[in-house]
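Asker: Just one file: structure_24.cif, with mmCIF, C-alpha atoms.
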```cif
data_upload
loop_
_atom_site.label_atom_id
_atom_site.label_comp_id
_atom_site.auth_asym_id
_atom_site.auth_seq_id
_atom_site.Cartn_x
_atom_site.Cartn_y
_atom_site.Cartn_z
CA MET A 979 -11.33 -12.56 89.02
CA GLU A 980 -9.52 -10.41 86.53
CA ARG A 981 -6.00 -9.28 87.05
CA PRO A 982 -5.66 -5.61 88.06
CA ALA A 983 -4.45 -3.24 85.39
CA ASP A 984 -2.65 0.04 85.68
CA GLU A 985 -4.90 2.91 86.63
CA GLU A 986 -4.11 4.93 83.52
CA GLN A 987 -5.19 1.98 81.39
CA ASN A 988 -8.46 1.89 83.31
CA ALA A 989 -9.68 5.47 82.90
CA HIS A 990 -8.60 9.09 82.99
CA THR A 991 -8.09 10.71 86.37
CA GLN A 992 -8.71 14.32 85.39
CA PRO A 993 -11.69 16.20 86.90
CA PHE A 994 -14.98 16.31 85.05
CA ALA A 995 -15.23 18.32 81.88
CA VAL A 996 -18.13 20.79 81.98
CA HIS A 997 -21.00 19.81 79.69
CA ARG A 998 -21.35 22.60 77.17
CA TYR A 999 -25.10 22.35 76.77
CA ARG A 1000 -25.91 23.73 80.23
CA HIS A 1001 -24.41 25.14 83.42
CA PRO A 1002 -25.29 24.54 87.09
CA ARG A 1003 -27.52 27.10 88.75
CA ILE A 1004 -25.86 29.69 90.95
CA GLY A 1005 -25.88 28.69 94.62
CA GLN A 1006 -26.39 24.98 93.98
CA LYS A 1007 -23.78 22.42 94.91
CA SER A 1008 -22.77 19.73 92.46
CA PHE A 1009 -20.02 17.16 92.06
CA HIS A 1010 -18.50 19.31 89.35
CA GLY A 1011 -18.47 22.25 91.75
CA LEU A 1012 -16.69 20.13 94.36
CA CYS A 1013 -14.02 19.24 91.79
CA VAL A 1014 -13.50 22.94 91.06
CA GLU A 1015 -13.60 24.05 94.70
CA HIS A 1016 -11.34 21.29 96.00
CA ALA A 1017 -8.33 20.75 93.77
CA ASN A 1018 -7.53 17.42 95.42
CA PHE A 1019 -11.05 16.03 94.95
CA GLN A 1020 -9.96 13.18 92.70
CA VAL A 1021 -12.34 11.33 90.42
CA SER A 1022 -10.58 7.95 90.52
CA PRO A 1023 -11.78 5.77 93.46
CA MET A 1024 -8.22 4.52 93.92
CA ARG A 1025 -7.21 8.05 94.97
CA TRP A 1026 -10.08 8.68 97.38
CA THR A 1027 -9.04 9.56 100.94
CA GLU A 1028 -10.68 10.44 104.24
CA ARG A 1029 -10.83 14.01 102.94
CA HIS A 1030 -13.42 12.90 100.38
CA LEU A 1031 -15.58 11.45 103.15
CA GLU A 1032 -15.37 14.73 105.08
CA ILE A 1033 -16.40 16.78 102.05
CA LEU A 1034 -19.34 14.47 101.34
CA ASN A 1035 -20.25 14.18 105.04
CA CYS A 1036 -20.10 10.39 104.85
CA LYS A 1037 -19.15 8.25 107.86
CA PHE A 1038 -18.43 4.59 108.55
CA ARG A 1039 -20.19 3.11 111.59
CA PHE A 1040 -19.42 -0.31 113.04
CA ILE A 1041 -22.31 -2.40 114.38
CA ALA A 1042 -21.63 -5.69 116.13
CA ASP A 1043 -23.26 -8.78 114.66
CA THR A 1044 -26.39 -9.80 116.57
CA HIS A 1045 -26.99 -13.14 114.85
CA ASP A 1046 -26.45 -16.23 116.98
CA THR A 1047 -23.18 -18.00 116.15
CA ARG A 1048 -23.02 -20.26 119.20
CA LEU A 1049 -22.07 -23.87 118.58
CA SER A 1050 -23.54 -26.99 120.08
CA GLU A 1051 -21.30 -29.25 122.14
CA ALA A 1052 -20.74 -31.63 119.22
CA GLU A 1053 -20.04 -28.76 116.83
CA THR A 1054 -17.62 -27.22 119.31
CA LYS A 1055 -15.62 -30.45 119.50
CA MET A 1056 -15.54 -30.69 115.72
CA SER A 1057 -14.44 -27.06 115.42
CA GLU A 1058 -11.62 -27.68 117.89
CA MET A 1059 -10.48 -30.71 115.90
CA VAL A 1060 -10.52 -28.74 112.66
CA LEU A 1061 -8.51 -25.95 114.26
CA LEU A 1062 -6.04 -28.55 115.53
CA PHE A 1063 -5.16 -29.36 111.92
CA ASP A 1064 -5.46 -25.75 110.81
CA THR A 1065 -1.74 -24.98 110.71
CA SER A 1066 -1.49 -22.70 107.71
CA TYR A 1067 -3.05 -19.52 106.35
CA THR A 1068 -3.67 -21.26 103.01
CA ARG A 1069 -5.82 -23.94 104.61
CA THR A 1070 -7.98 -21.35 106.39
CA ALA A 1071 -8.43 -19.29 103.24
CA LYS A 1072 -9.34 -22.33 101.15
CA LEU A 1073 -11.91 -23.56 103.64
CA CYS A 1074 -13.46 -20.09 103.88
CA CYS A 1075 -13.57 -19.74 100.09
CA GLU A 1076 -15.24 -23.16 99.87
CA TYR A 1077 -18.17 -21.81 101.86
CA LEU A 1078 -18.09 -18.45 100.09
CA LEU A 1079 -18.83 -20.30 96.85
CA GLU A 1080 -22.07 -21.56 98.40
CA LEU A 1081 -23.35 -17.98 98.27
CA HIS A 1082 -23.93 -18.32 94.53
CA SER A 1083 -24.25 -22.09 94.12
CA GLY A 1084 -27.19 -23.82 92.47
CA ASN A 1085 -29.26 -23.84 95.66
CA SER A 1086 -28.49 -20.26 96.60
CA PRO A 1087 -30.88 -17.32 96.04
CA LEU A 1088 -27.90 -15.27 94.80
CA SER A 1089 -26.51 -15.16 91.27
CA VAL A 1090 -23.70 -13.17 89.66
CA VAL A 1091 -24.91 -10.39 87.34
CA ALA A 1092 -21.82 -8.18 86.89
CA MET A 1093 -18.16 -9.16 87.08
CA PRO A 1094 -16.12 -7.08 87.40
CA LEU A 1095 -18.20 -4.24 88.78
CA LEU A 1096 -18.09 -0.81 87.12
CA PHE A 1097 -18.19 2.64 88.69
CA HIS A 1098 -19.41 5.60 86.59
CA PHE A 1099 -18.45 9.17 87.41
CA GLY A 1100 -19.64 11.58 84.75
CA LYS A 1101 -18.31 10.46 81.38
CA PHE A 1102 -15.60 8.29 82.97
CA THR A 1103 -15.93 4.61 83.78
CA TYR A 1104 -13.70 2.76 86.23
CA THR A 1105 -13.36 -0.97 86.70
CA LEU A 1106 -13.64 -2.10 90.31
CA TYR A 1107 -11.50 -5.22 90.23
CA HIS A 1108 -12.18 -8.14 92.57
CA CYS A 1109 -15.79 -6.91 92.98
CA ILE A 1110 -18.96 -8.55 91.67
CA ALA A 1111 -22.66 -7.68 91.80
CA LEU A 1112 -25.13 -10.34 92.93
CA ASN A 1113 -28.82 -10.66 92.12
CA ILE A 1114 -31.32 -11.94 94.70
CA LEU A 1115 -34.18 -14.12 93.46
CA PRO A 1116 -37.46 -12.14 93.67
CA CYS A 1117 -39.15 -15.03 95.49
CA ARG A 1118 -36.52 -14.81 98.25
CA SER A 1119 -36.60 -11.04 98.76
CA ASP A 1120 -39.43 -8.79 99.90
CA ASN A 1121 -37.65 -5.69 98.60
CA THR A 1122 -36.65 -5.42 94.95
CA ARG A 1123 -34.39 -2.45 95.71
CA VAL A 1124 -31.83 -4.59 97.60
CA VAL A 1125 -28.57 -4.80 95.63
CA ALA A 1126 -25.98 -7.28 96.90
CA GLY A 1127 -22.30 -7.66 96.09
CA PHE A 1128 -19.07 -9.41 97.04
CA SER A 1129 -15.56 -7.94 97.14
CA GLN A 1130 -12.10 -9.20 97.95
CA TYR A 1131 -10.19 -6.33 99.53
CA ARG A 1132 -7.18 -5.99 97.21
CA ILE A 1133 -7.09 -2.24 96.62
CA ASP A 1134 -4.02 -1.91 98.84
CA GLU A 1135 -2.07 -4.11 96.42
CA GLN A 1136 -3.26 -2.03 93.46
CA ARG A 1137 -2.23 1.20 95.18
CA HIS A 1138 1.19 -0.22 95.99
CA THR A 1139 1.67 -1.31 92.37
CA ARG A 1140 0.51 2.06 91.05
CA PHE A 1141 2.71 4.16 93.34
CA THR A 1142 5.92 2.13 93.29
CA THR A 1143 8.61 3.32 90.90
CA PRO A 1144 10.47 0.61 88.99
CA SER A 1145 14.22 0.73 88.55
CA ASN A 1146 15.83 1.48 85.21
CA ARG A 1147 17.66 -1.13 83.18
CA TRP A 1148 20.85 -0.53 85.19
CA GLY A 1149 19.10 -1.17 88.49
CA PHE A 1150 19.04 2.45 89.71
CA PHE A 1151 16.02 4.34 91.11
CA ASN A 1152 14.96 7.95 90.72
CA SER A 1153 15.17 8.79 94.43
CA PRO A 1154 13.14 12.06 94.39
CA VAL A 1155 10.30 10.44 92.44
CA ARG A 1156 10.46 7.37 94.65
CA ARG A 1157 10.10 9.50 97.80
CA ARG A 1158 7.24 11.44 96.22
CA TYR A 1159 5.38 8.23 95.38
CA ALA A 1160 6.01 6.89 98.89
CA ARG A 1161 4.43 10.00 100.41
CA LYS A 1162 1.46 9.67 98.05
CA LEU A 1163 1.00 6.01 98.95
CA LEU A 1164 1.10 6.87 102.65
CA GLU A 1165 -1.53 9.56 102.09
CA LEU A 1166 -3.86 7.16 100.25
CA THR A 1167 -3.50 4.29 102.72
CA PRO A 1168 -6.29 4.45 105.35
CA ASN A 1169 -5.55 3.92 109.04
CA ASP A 1170 -8.21 1.21 109.16
CA TRP A 1171 -8.79 -0.79 105.99
CA ARG A 1172 -12.41 -1.35 107.03
CA ASN A 1173 -13.03 2.40 106.58
CA ASP A 1174 -11.39 2.64 103.17
CA PRO A 1175 -13.23 5.18 100.95
CA TYR A 1176 -12.80 2.74 98.07
CA ILE A 1177 -15.53 0.63 99.69
CA LEU A 1178 -17.87 3.60 99.24
CA ALA A 1179 -17.15 3.51 95.50
CA VAL A 1180 -18.04 -0.19 95.42
CA LEU A 1181 -21.37 0.48 97.15
CA LEU A 1182 -22.10 3.27 94.68
CA GLY A 1183 -21.17 0.94 91.82
CA LEU A 1184 -23.71 -1.59 93.10
CA ALA A 1185 -26.44 1.05 93.07
CA GLN A 1186 -25.42 2.12 89.56
CA SER A 1187 -25.65 -1.48 88.33
CA ARG A 1188 -29.39 -1.39 89.10
CA TYR A 1189 -30.00 2.20 87.96
CA GLU A 1190 -30.27 1.51 84.23
CA GLU A 1191 -33.15 -0.96 84.67
CA ASP A 1192 -35.04 0.94 87.37
CA ASP A 1193 -37.45 3.81 86.65
CA GLN A 1194 -38.76 4.28 90.21
CA ASP A 1195 -37.72 6.84 92.78
CA GLY A 1196 -36.50 5.88 96.22
CA VAL A 1197 -33.31 4.38 97.62
CA TYR A 1198 -31.11 1.44 96.70
CA LYS A 1199 -30.39 -0.79 99.68
CA THR A 1200 -26.84 -1.90 98.92
CA ARG A 1201 -25.31 -4.84 100.76
CA LEU A 1202 -21.64 -5.72 100.26
CA LEU A 1203 -19.70 -8.69 101.65
CA VAL A 1204 -15.98 -7.90 102.00
CA THR A 1205 -13.22 -10.38 102.84
CA ASN A 1206 -9.59 -9.64 103.65
CA PHE A 1207 -7.71 -12.76 104.71
CA ASP A 1208 -4.43 -10.86 105.02
CA GLU A 1209 -5.75 -8.58 107.77
CA ASP A 1210 -8.59 -10.61 109.29
CA SER A 1211 -8.82 -14.38 108.91
CA ARG A 1212 -11.60 -14.69 111.51
CA ASP A 1213 -14.32 -12.35 110.25
CA ALA A 1214 -15.81 -11.13 107.02
CA TYR A 1215 -17.69 -7.82 106.94
CA VAL A 1216 -21.05 -6.84 105.50
CA TYR A 1217 -21.46 -3.17 104.53
CA LYS A 1218 -24.88 -1.58 104.27
CA ALA A 1219 -25.88 1.77 102.78
CA ASP A 1220 -29.21 3.19 101.60
CA ILE A 1221 -28.23 5.18 98.52
CA PRO A 1222 -30.77 7.70 97.16
CA LYS A 1223 -31.52 7.52 93.47
CA GLN A 1224 -30.75 11.26 93.24
CA LEU A 1225 -27.17 10.48 94.27
CA VAL A 1226 -26.81 7.96 91.45
CA GLU A 1227 -28.21 10.49 88.98
CA SER A 1228 -25.72 13.10 90.21
CA LEU A 1229 -22.85 10.68 89.59
CA HIS A 1230 -23.99 10.20 86.01
CA ASP A 1231 -24.50 13.97 85.56
CA PRO A 1232 -21.92 15.87 87.69
CA LEU A 1233 -23.64 19.20 86.99
CA ARG A 1234 -26.82 18.03 88.69
CA THR A 1235 -27.49 19.53 92.12
CA ILE A 1236 -26.63 17.48 95.22
CA ASP A 1237 -28.72 19.64 97.56
CA ASP A 1238 -31.87 17.53 97.24
CA PHE A 1239 -30.54 14.51 99.16
CA GLU A 1240 -28.31 13.63 102.10
CA PHE A 1241 -25.22 11.52 101.62
CA PRO A 1242 -25.81 8.21 103.42
CA ASP A 1243 -23.70 6.82 106.24
CA ILE A 1244 -22.17 3.36 105.83
CA GLU A 1245 -22.80 0.69 108.45
CA TYR A 1246 -20.69 -2.44 108.57
CA THR A 1247 -20.97 -5.60 110.64
CA ASN A 1248 -18.54 -8.41 111.30
CA VAL A 1249 -19.63 -11.92 110.31
CA SER A 1250 -17.58 -14.74 111.78
CA TYR A 1251 -16.43 -17.41 109.34
CA GLN A 1252 -17.02 -20.06 111.97
CA PRO A 1253 -19.02 -22.14 112.03
CA PHE A 1254 -18.18 -22.47 108.35
CA TRP A 1255 -21.25 -24.57 107.48
CA THR A 1256 -23.65 -21.75 108.50
CA PHE A 1257 -21.63 -18.87 107.06
CA SER A 1258 -23.62 -18.51 103.83
CA GLU A 1259 -26.96 -18.52 105.68
CA ARG A 1260 -25.76 -15.84 108.11
CA VAL A 1261 -24.55 -13.64 105.26
CA GLU A 1262 -27.90 -14.00 103.50
CA LYS A 1263 -29.64 -12.72 106.63
CA HIS A 1264 -27.62 -9.52 106.34
CA PHE A 1265 -28.58 -9.37 102.65
CA ASP A 1266 -32.27 -9.34 103.75
CA VAL A 1267 -32.90 -12.68 102.06
CA ILE A 1268 -36.07 -14.43 103.19
CA PRO A 1269 -34.90 -17.52 105.11
CA VAL A 1270 -36.04 -21.02 104.21
CA ALA A 1271 -35.25 -24.45 105.58
CA PRO A 1272 -31.45 -24.88 105.96
CA ARG A 1273 -30.12 -26.01 102.60
CA GLY A 1274 -26.53 -26.65 103.65
CA VAL A 1275 -25.35 -29.84 105.29
CA LYS A 1276 -22.58 -29.55 107.80
CA ARG A 1277 -19.26 -30.84 106.54
CA SER A 1278 -18.23 -34.05 108.24
CA PHE A 1279 -14.87 -34.17 109.93
CA LYS A 1280 -13.85 -36.83 107.42
CA ASN A 1281 -14.31 -34.36 104.57
CA SER A 1282 -12.51 -31.64 106.49
CA ASP A 1283 -9.63 -34.03 107.17
CA SER A 1284 -9.35 -34.85 103.47
CA SER A 1285 -9.30 -31.12 102.65
CA VAL A 1286 -6.41 -30.68 105.06
CA ALA A 1287 -4.54 -33.53 103.42
CA LYS A 1288 -4.98 -31.94 99.99
CA VAL A 1289 -3.64 -28.61 101.20
CA GLN A 1290 -0.65 -30.24 102.89
CA LYS A 1291 0.24 -31.98 99.64
#
```
Let me see the structure of the file written as structure tokens.
Answerer:
Amino acid sequence: MERPADEEQNAHTQPFAVHRYRHPRIGQKSFHGLCVEHANFQVSPMRWTERHLEILNCKFRFIADTHDTRLSEAETKMSEMVLLFDTSYTRTAKLCCEYLLELHSGNSPLSVVAMPLLFHFGKFTYTLYHCIALNILPCRSDNTRVVAGFSQYRIDEQRHTRFTTPSNRWGFFNSPVRRRYARKLLELTPNDWRNDPYILAVLLGLAQSRYEEDDQDGVYKTRLLVTNFDEDSRDAYVYKADIPKQLVESLHDPLRTIDDFEFPDIEYTNVSYQPFWTFSERVEKHFDVIPVAPRGVKRSFKNSDSSVAKVQK
């Protein structure tokens, strides 16, 4: 994936400019009105905080995974042997990524359609780095409004880079500015990374990626797989939100009313990486993909042992 760039190189962070050809009706709420009413209602997703979720009445809700992940006796023994050689973070991440790639391999019903993903807010466009949009084959989905995506959670690194002051050429820091940036970084860092408002922007970006080619009313069923090996090396998370088309239209036109729809809640579910050889199939179930005969073949311990040897080298 592409290397993150500085936020100012990505897009402007000023509130929306009012379109001169019309004005919102009196008494109607709009995204432009929220920017005027709340001075800290930032446009850039990197600067979104829990305050944004409160204003929009949007909540994150955790739902435990109900899919069966139990292992047979033989698989349990193999898993224990793999874990015996699993002595480094790098090895775990590489093995997980190996099975993540199966999500858009030749035999998978998923294919990449947008990388990196874009988020549109009025006339501004923001690049959502480390995020991609996936397309589900029509023959494997009974709902054409399902929009899938994959994201590596790296926004914390981007925030830290953006709000860290470099030293001058003599090695000194501007202490007041440094303290100000530290307070800002603390304000933007969520208590729980799984409830980061930035994930909401990614879900909205997925819905927007389908908006241009869709002329029907209704909702976009967005499904997003998020991984964060630094914070959780055991589970990935699938986020689900039913985004009304009116919400997408209001993002493109900030003067449009937002009274004709309700902001959706976001549900997320943990998906265990293990057993690795069934990970892609379990993720596809959360993506509402029609299941077929198992396409994946379980990795033999011999292959896993060779992978360990490569990592140790």
Asker: Starting from the PyMOL selection byres ((chain A and resi 1216) around 6), expand the selection into actual residues of this file and give them as a list in words.
Answerer: Leu1202, Leu1203, Tyr1215, Tyr1217, Tyr1246 and Thr1247 of chain A
Asker: What gap, in Å, lies between CA of Phe1097 in chain A and CA of Asp1208 in chain A?
Answerer: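 Interatomic distance here is 25.3 Å.
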Asker: Which is closer to Ala1214 in chain A than all the others in A:Val1249, A:Ile1133, A:Ile1244, A:Leu1184, using only C-alpha atoms?
Answerer: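 Smallest distance to Ala1214 in chain A is found for A:Val1249.
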Asker: Measuring atom to atom with all atoms listed in the file, identify which of A:Asn1035, A:Gln1252, A:Ser1022, A:Thr1027 is nearest to Leu1164 in chain A.
Answerer: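 Going through A:Asn1035, A:Gln1252, A:Ser1022, A:Thr1027 one by one, the smallest distance to Leu1164 in chain A is for A:Thr1027.
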Asker: Evaluated on this file, the PyMOL selection byres ((chain A and resi 1168) around 12) picks out some residues - which ones are they, written as a list in words?
Answerer: Met1024, Arg1025, Trp1026, Thr1027, Glu1028, Arg1029, Leu1031, Ile1133, Asp1134, Arg1137, Lys1162, Leu1163, Leu1164, Glu1165, Leu1166, Thr1167, Asn1169, Asp1170, Trp1171, Arg1172, Asn1173, Asp1174, Pro1175, Tyr1176 and Ile1177 of chain A
Asker: Using only C-alpha atoms, which of A:Gly1196, A:Gly1183, A:Pro1232, A:Pro1087 sits nearest Lys1263 in chain A?
Answerer: A:Pro1087
Asker: In Å, how far is it from CA of Thr1235 in chain A to CA of Lys1199 in chain A?
Answerer: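 So the two atoms, CA of Thr1235 in chain A and CA of Lys1199 in chain A, lie 21.9 Å apart.
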